[in-house]
Amino acid sequence: MSEPTAPTEPTATAAAPTAPTALAATDGPARAAGVAGRSHPRTAWSAELTGPDTDAARVDSTGPVLDGFRIAVTSDRRSGDLIDAFVRRGAEVLHAPAVRIAPVDEDEILIGDTRAVIESRPDVVIVTTAYGFRRWVEAADAAGLGEDLARTLDHARIIVRGPKARGAVRAAGHDDDGIADDERTASTVGLALEGGGVGRRVAVQLHGHEDVEQLERLRSAGATVLTVAPYRWVRPTDESRLGRLVAAVAAREVDVVTFTSAPAVDGLVSAAAQLGMDGVLVDAMRCGVTAAAVGPVTAAPLLDLGVTPIVPDRFRMGALIRTVIEHLTLNGVAEVQTALGPLVVHGRVVTFGGETVTLARGPRAMLAALMSEPGAVLSRERLLDELPEAENEHALDMAVSRLRSALPDRHLVQTVVRRGYRLNV
C-alpha cells in the first residue's frame, strides 16, 4: 500500500564525519536524460539519470552535499519531488517507476461500486488516501452521483488513515470521526471495529490494490464490506527503463534505492525476476545498496526479503529525503590522513593532492574496505568478501591494480607480502 507523503522538503544539515567510515559500493559516472519535463545538461541515458544543473545545484551557502552519490527512484506519482531534492544537492538520480497509478476513467466498475455504497448507506466509511478519495468524489460527480455520495458520507462515520486523507475529506465538506495515529490501514480498521463496526456495513476506499488481510479482518468481525477502487497500481509503460534500473541496482551501481509504496517493491522484484536477476537484486539491497522506505508499510515487503531499509521517523516525503541525505553524508563520506597527505572520499569521488577522480564500483568498494581500518592489513579473504564478482585471488589482485591505477597516487595502497593489502598511513 502507498505511504502518505507531504510536499515539505528539508534542507540538508548533516555534516560529513571526520572519522573514516565504510562506503557503499557504486560504479563510475553515468549521464542523464530530462526528468519530469525538465532538461538537464547531462543527457545521454534514456533511463532518466539526472545530474545537477546550475540553478538546481544552488542549495545553500555550503553547496551541494551529495556530490559523488547516485540514487535510484522507483516511484511514479510525485517522483519529481524526490528527484529535484536530490539533484539540487548534487546527486545523480536514476529514475524508473516500478509501478504506476492508473486513474479509473469512465470505469463502470467504479461507478457500480459507488452506486452500491450509496444504496447500502454504510455506517462506516474508511478513507485510506487523499488522492483516492478525491478521485472517487470526482468520478461520482461526473456520473451524476455526487450529491447522493455526499449525503451517504454525511450519514456515515468516516475514519481516515492519515492527515492527508483527513484534509481531503474536510476539503470536500465532511467531518471525520477518527484518524489512525500511525497512518496504517490496520490501525484504521481497528478504529472502525472499536467504534462499533462489528455487524455493520463498512465501505472501504482502496488504495491501488486490495488489502485482503484487513478486509477479511472486517468480515471476520461480522461487518458487511463494500469496496471502491478509484485507481489501480499497474505495470509501468516503459519497462525497458525499469530493466536498466534493475541492472544498476543489481550491479551495485547506486548508493540508495528509494521506495514510496509497497507495490513498488513488488514491482521492482517482479521486473528483476523476469530478467532472471531477482536473486542478485535482493543480494545487492542486502549488502552494497541501501534501500530507503518512506514508512513501515512500504518497508514490510523489503523486510520479508531479508532487506533492512532505512525508514524516517515521520512517514513523509520530506522526512525520507532528509533520512537519505543524512545516511549518505554520515556513511558515505570519509577522510583519512595518509602518509602521503589527506585522502577524502565523497561518494564515488576521491580527492587527494589537489586532484579529484571518480572511482568505479569495484575500486571504490576496495578503497572503502581499506579506509574502514586505516593502516591495518586486510587479508585477501576479507577483501574478496567486498567484491562478490571476484571469484579468486587473481581477480582480487586485478581489482587492487585497477584501484591503484584509478587513484591520484598509486602508492596510497601498499602490498603486504603473503598477508594482504593496507592503506599507506
# chains A, B, ... in the order shown; residues from 1 in each chain; ligands from 1
$ residues_around --residues "Arg134 (chain A)" --least-positions-apart "3" --cutoff "12 Å" --atoms "only C-alpha atoms" --output "count of residues only"
27
$ closest_atom_pairs --of "region 319-354 of chain A" --to "region 70-73 of chain A" --cutoff "12 Å" --atoms "only C-alpha atoms" --output "Markdown table"
| residue | atom | partner | partner_atom | distance |
| --- | --- | --- | --- | --- |
| A:Leu320 | CA | A:Val73 | CA | 11.8 |
| A:Ile321 | CA | A:Ile71 | CA | 11.0 |
| A:Val324 | CA | A:Ile71 | CA | 9.2 |
| A:Ile325 | CA | A:Ile71 | CA | 10.4 |
| A:Leu328 | CA | A:Arg70 | CA | 10.0 |
| A:Gly332 | CA | A:Arg70 | CA | 11.1 |
| A:His346 | CA | A:Arg70 | CA | 11.4 |
| A:Gly347 | CA | A:Arg70 | CA | 8.1 |
| A:Arg348 | CA | A:Arg70 | CA | 8.6 |
| A:Val349 | CA | A:Arg70 | CA | 11.2 |
$ write_last_selection --atoms "N, CA and C atoms" --output "compact mmCIF listing (two decimals), in the first residue's frame"
# COMPACT_ATOMS: atom_id res chain seq x y z
N LEU A 320 11.74 11.41 4.28
CA LEU A 320 12.51 10.41 3.53
C LEU A 320 13.73 11.06 2.89
N ILE A 321 13.55 12.21 2.30
CA ILE A 321 14.67 12.94 1.69
C ILE A 321 15.75 13.23 2.73
N VAL A 324 17.65 10.03 3.76
CA VAL A 324 18.62 9.60 2.75
C VAL A 324 19.87 10.48 2.78
N ILE A 325 19.66 11.79 2.87
CA ILE A 325 20.79 12.72 2.90
C ILE A 325 21.67 12.45 4.11
N LEU A 328 23.68 9.15 3.72
CA LEU A 328 24.81 9.22 2.79
C LEU A 328 25.94 10.08 3.33
N GLY A 332 28.76 7.71 3.82
CA GLY A 332 29.39 7.67 2.51
C GLY A 332 30.49 8.68 2.33
N HIS A 346 34.09 11.17 -1.09
CA HIS A 346 32.72 11.70 -1.00
C HIS A 346 31.90 10.96 -2.05
N GLY A 347 31.24 9.87 -1.64
CA GLY A 347 30.54 9.05 -2.61
C GLY A 347 31.53 8.35 -3.52
N ARG A 348 31.40 8.54 -4.81
CA ARG A 348 32.31 7.93 -5.77
C ARG A 348 33.52 8.81 -6.08
N VAL A 349 33.53 10.01 -5.50
CA VAL A 349 34.56 11.00 -5.81
C VAL A 349 35.67 10.95 -4.77
$ select_by_dssp --residues "region 357-392 of chain A" --states "strand (DSSP E)" --output "PyMOL selection string"
chain A and resi 357-358+378-379
$ write_last_selection --atoms "C-alpha atoms" --output "short mmCIF file (atom, residue, chain, number, x, y, z; two decimals), in the first residue's frame"
data_model
loop_
_atom_site.label_atom_id
_atom_site.label_comp_id
_atom_site.auth_asym_id
_atom_site.auth_seq_id
_atom_site.Cartn_x
_atom_site.Cartn_y
_atom_site.Cartn_z
CA VAL A 357 38.88 11.39 -9.60
CA THR A 358 35.73 9.29 -9.83
CA LEU A 378 43.32 -6.63 5.34
CA SER A 379 43.58 -10.26 4.32
#
$ decode --residues "region 229-277 of chain A" --atoms "N, CA and C atoms" --output "compact mmCIF listing (two decimals), in the first residue's frame"
# COMPACT_ATOMS: atom_id res chain seq x y z
N ALA A 229 -12.51 1.30 -5.68
CA ALA A 229 -11.11 1.46 -6.09
C ALA A 229 -11.01 2.58 -7.12
N PRO A 230 -10.75 3.82 -6.66
CA PRO A 230 -10.66 4.95 -7.60
C PRO A 230 -9.45 4.91 -8.52
N TYR A 231 -8.43 4.14 -8.16
CA TYR A 231 -7.27 3.99 -9.02
C TYR A 231 -6.66 2.62 -8.78
N ARG A 232 -5.76 2.23 -9.69
CA ARG A 232 -5.14 0.92 -9.58
C ARG A 232 -3.63 1.05 -9.77
N TRP A 233 -2.89 0.15 -9.13
CA TRP A 233 -1.47 0.03 -9.41
C TRP A 233 -1.31 -0.87 -10.64
N VAL A 234 -0.61 -0.39 -11.64
CA VAL A 234 -0.41 -1.17 -12.86
C VAL A 234 1.06 -1.14 -13.24
N ARG A 235 1.43 -1.99 -14.17
CA ARG A 235 2.81 -2.05 -14.62
C ARG A 235 3.21 -0.76 -15.33
N PRO A 236 4.50 -0.38 -15.26
CA PRO A 236 4.94 0.84 -15.94
C PRO A 236 4.82 0.72 -17.44
N THR A 237 4.66 1.86 -18.10
CA THR A 237 4.50 1.85 -19.56
C THR A 237 5.82 1.58 -20.27
N ASP A 238 6.93 1.98 -19.67
CA ASP A 238 8.26 1.78 -20.28
C ASP A 238 9.05 0.82 -19.42
N GLU A 239 8.92 -0.47 -19.71
CA GLU A 239 9.59 -1.47 -18.89
C GLU A 239 11.09 -1.56 -19.19
N SER A 240 11.51 -1.03 -20.32
CA SER A 240 12.94 -1.05 -20.61
C SER A 240 13.71 -0.16 -19.64
N ARG A 241 13.13 0.98 -19.30
CA ARG A 241 13.75 1.86 -18.30
C ARG A 241 13.88 1.14 -16.97
N LEU A 242 12.80 0.44 -16.58
CA LEU A 242 12.83 -0.27 -15.32
C LEU A 242 13.90 -1.36 -15.34
N GLY A 243 14.06 -2.01 -16.49
CA GLY A 243 15.10 -3.02 -16.60
C GLY A 243 16.48 -2.45 -16.39
N ARG A 244 16.71 -1.25 -16.89
CA ARG A 244 18.01 -0.62 -16.70
C ARG A 244 18.23 -0.25 -15.22
N LEU A 245 17.16 0.17 -14.56
CA LEU A 245 17.29 0.47 -13.14
C LEU A 245 17.58 -0.80 -12.35
N VAL A 246 16.88 -1.88 -12.68
CA VAL A 246 17.14 -3.18 -12.03
C VAL A 246 18.60 -3.56 -12.18
N ALA A 247 19.12 -3.45 -13.40
CA ALA A 247 20.51 -3.82 -13.66
C ALA A 247 21.47 -2.96 -12.86
N ALA A 248 21.16 -1.67 -12.74
CA ALA A 248 22.04 -0.76 -12.00
C ALA A 248 22.06 -1.11 -10.51
N VAL A 249 20.89 -1.40 -9.94
CA VAL A 249 20.84 -1.77 -8.52
C VAL A 249 21.53 -3.11 -8.31
N ALA A 250 21.24 -4.08 -9.17
CA ALA A 250 21.83 -5.41 -9.03
C ALA A 250 23.35 -5.36 -9.12
N ALA A 251 23.87 -4.46 -9.94
CA ALA A 251 25.33 -4.32 -10.09
C ALA A 251 25.93 -3.39 -9.04
N ARG A 252 25.09 -2.95 -8.09
CA ARG A 252 25.53 -2.03 -7.03
C ARG A 252 26.10 -0.74 -7.61
N GLU A 253 25.46 -0.24 -8.64
CA GLU A 253 25.90 1.00 -9.28
C GLU A 253 25.18 2.21 -8.72
N VAL A 254 24.36 2.01 -7.69
CA VAL A 254 23.71 3.12 -6.99
C VAL A 254 24.02 2.98 -5.51
N ASP A 255 23.91 4.09 -4.79
CA ASP A 255 24.13 4.07 -3.34
C ASP A 255 22.85 3.75 -2.58
N VAL A 256 21.75 4.33 -3.05
CA VAL A 256 20.46 4.17 -2.36
C VAL A 256 19.38 3.96 -3.41
N VAL A 257 18.41 3.09 -3.10
CA VAL A 257 17.22 2.95 -3.93
C VAL A 257 16.02 3.28 -3.04
N THR A 258 15.18 4.22 -3.48
CA THR A 258 14.08 4.70 -2.65
C THR A 258 12.76 4.07 -3.07
N PHE A 259 11.89 3.84 -2.07
CA PHE A 259 10.56 3.29 -2.29
C PHE A 259 9.54 4.13 -1.52
N THR A 260 8.44 4.48 -2.19
CA THR A 260 7.37 5.23 -1.53
C THR A 260 6.06 4.44 -1.49
N SER A 261 6.08 3.18 -1.90
CA SER A 261 4.90 2.33 -1.80
C SER A 261 5.35 0.87 -1.78
N ALA A 262 4.58 0.04 -1.08
CA ALA A 262 4.87 -1.39 -1.06
C ALA A 262 4.77 -2.02 -2.45
N PRO A 263 3.76 -1.64 -3.27
CA PRO A 263 3.72 -2.22 -4.62
C PRO A 263 4.96 -1.93 -5.44
N ALA A 264 5.66 -0.83 -5.17
CA ALA A 264 6.88 -0.53 -5.92
C ALA A 264 7.97 -1.55 -5.61
N VAL A 265 8.02 -2.02 -4.36
CA VAL A 265 8.98 -3.07 -4.02
C VAL A 265 8.67 -4.33 -4.82
N ASP A 266 7.39 -4.73 -4.79
CA ASP A 266 6.99 -5.92 -5.54
C ASP A 266 7.24 -5.75 -7.03
N GLY A 267 6.96 -4.53 -7.54
CA GLY A 267 7.17 -4.28 -8.96
C GLY A 267 8.62 -4.39 -9.36
N LEU A 268 9.52 -3.87 -8.52
CA LEU A 268 10.95 -3.94 -8.84
C LEU A 268 11.45 -5.38 -8.82
N VAL A 269 11.05 -6.13 -7.80
CA VAL A 269 11.49 -7.52 -7.69
C VAL A 269 10.90 -8.36 -8.82
N SER A 270 9.63 -8.10 -9.17
CA SER A 270 9.00 -8.84 -10.26
C SER A 270 9.69 -8.56 -11.59
N ALA A 271 10.04 -7.28 -11.82
CA ALA A 271 10.77 -6.94 -13.05
C ALA A 271 12.12 -7.63 -13.08
N ALA A 272 12.78 -7.70 -11.92
CA ALA A 272 14.08 -8.39 -11.85
C ALA A 272 13.91 -9.88 -12.12
N ALA A 273 12.82 -10.47 -11.62
CA ALA A 273 12.59 -11.90 -11.84
C ALA A 273 12.41 -12.20 -13.32
N GLN A 274 11.72 -11.31 -14.04
CA GLN A 274 11.54 -11.51 -15.47
C GLN A 274 12.88 -11.50 -16.21
N LEU A 275 13.84 -10.79 -15.65
CA LEU A 275 15.17 -10.71 -16.26
C LEU A 275 16.12 -11.77 -15.69
N GLY A 276 15.61 -12.59 -14.78
CA GLY A 276 16.46 -13.58 -14.13
C GLY A 276 17.46 -12.96 -13.18
N MET A 277 17.12 -11.78 -12.62
CA MET A 277 18.07 -11.05 -11.78
C MET A 277 17.53 -10.80 -10.37
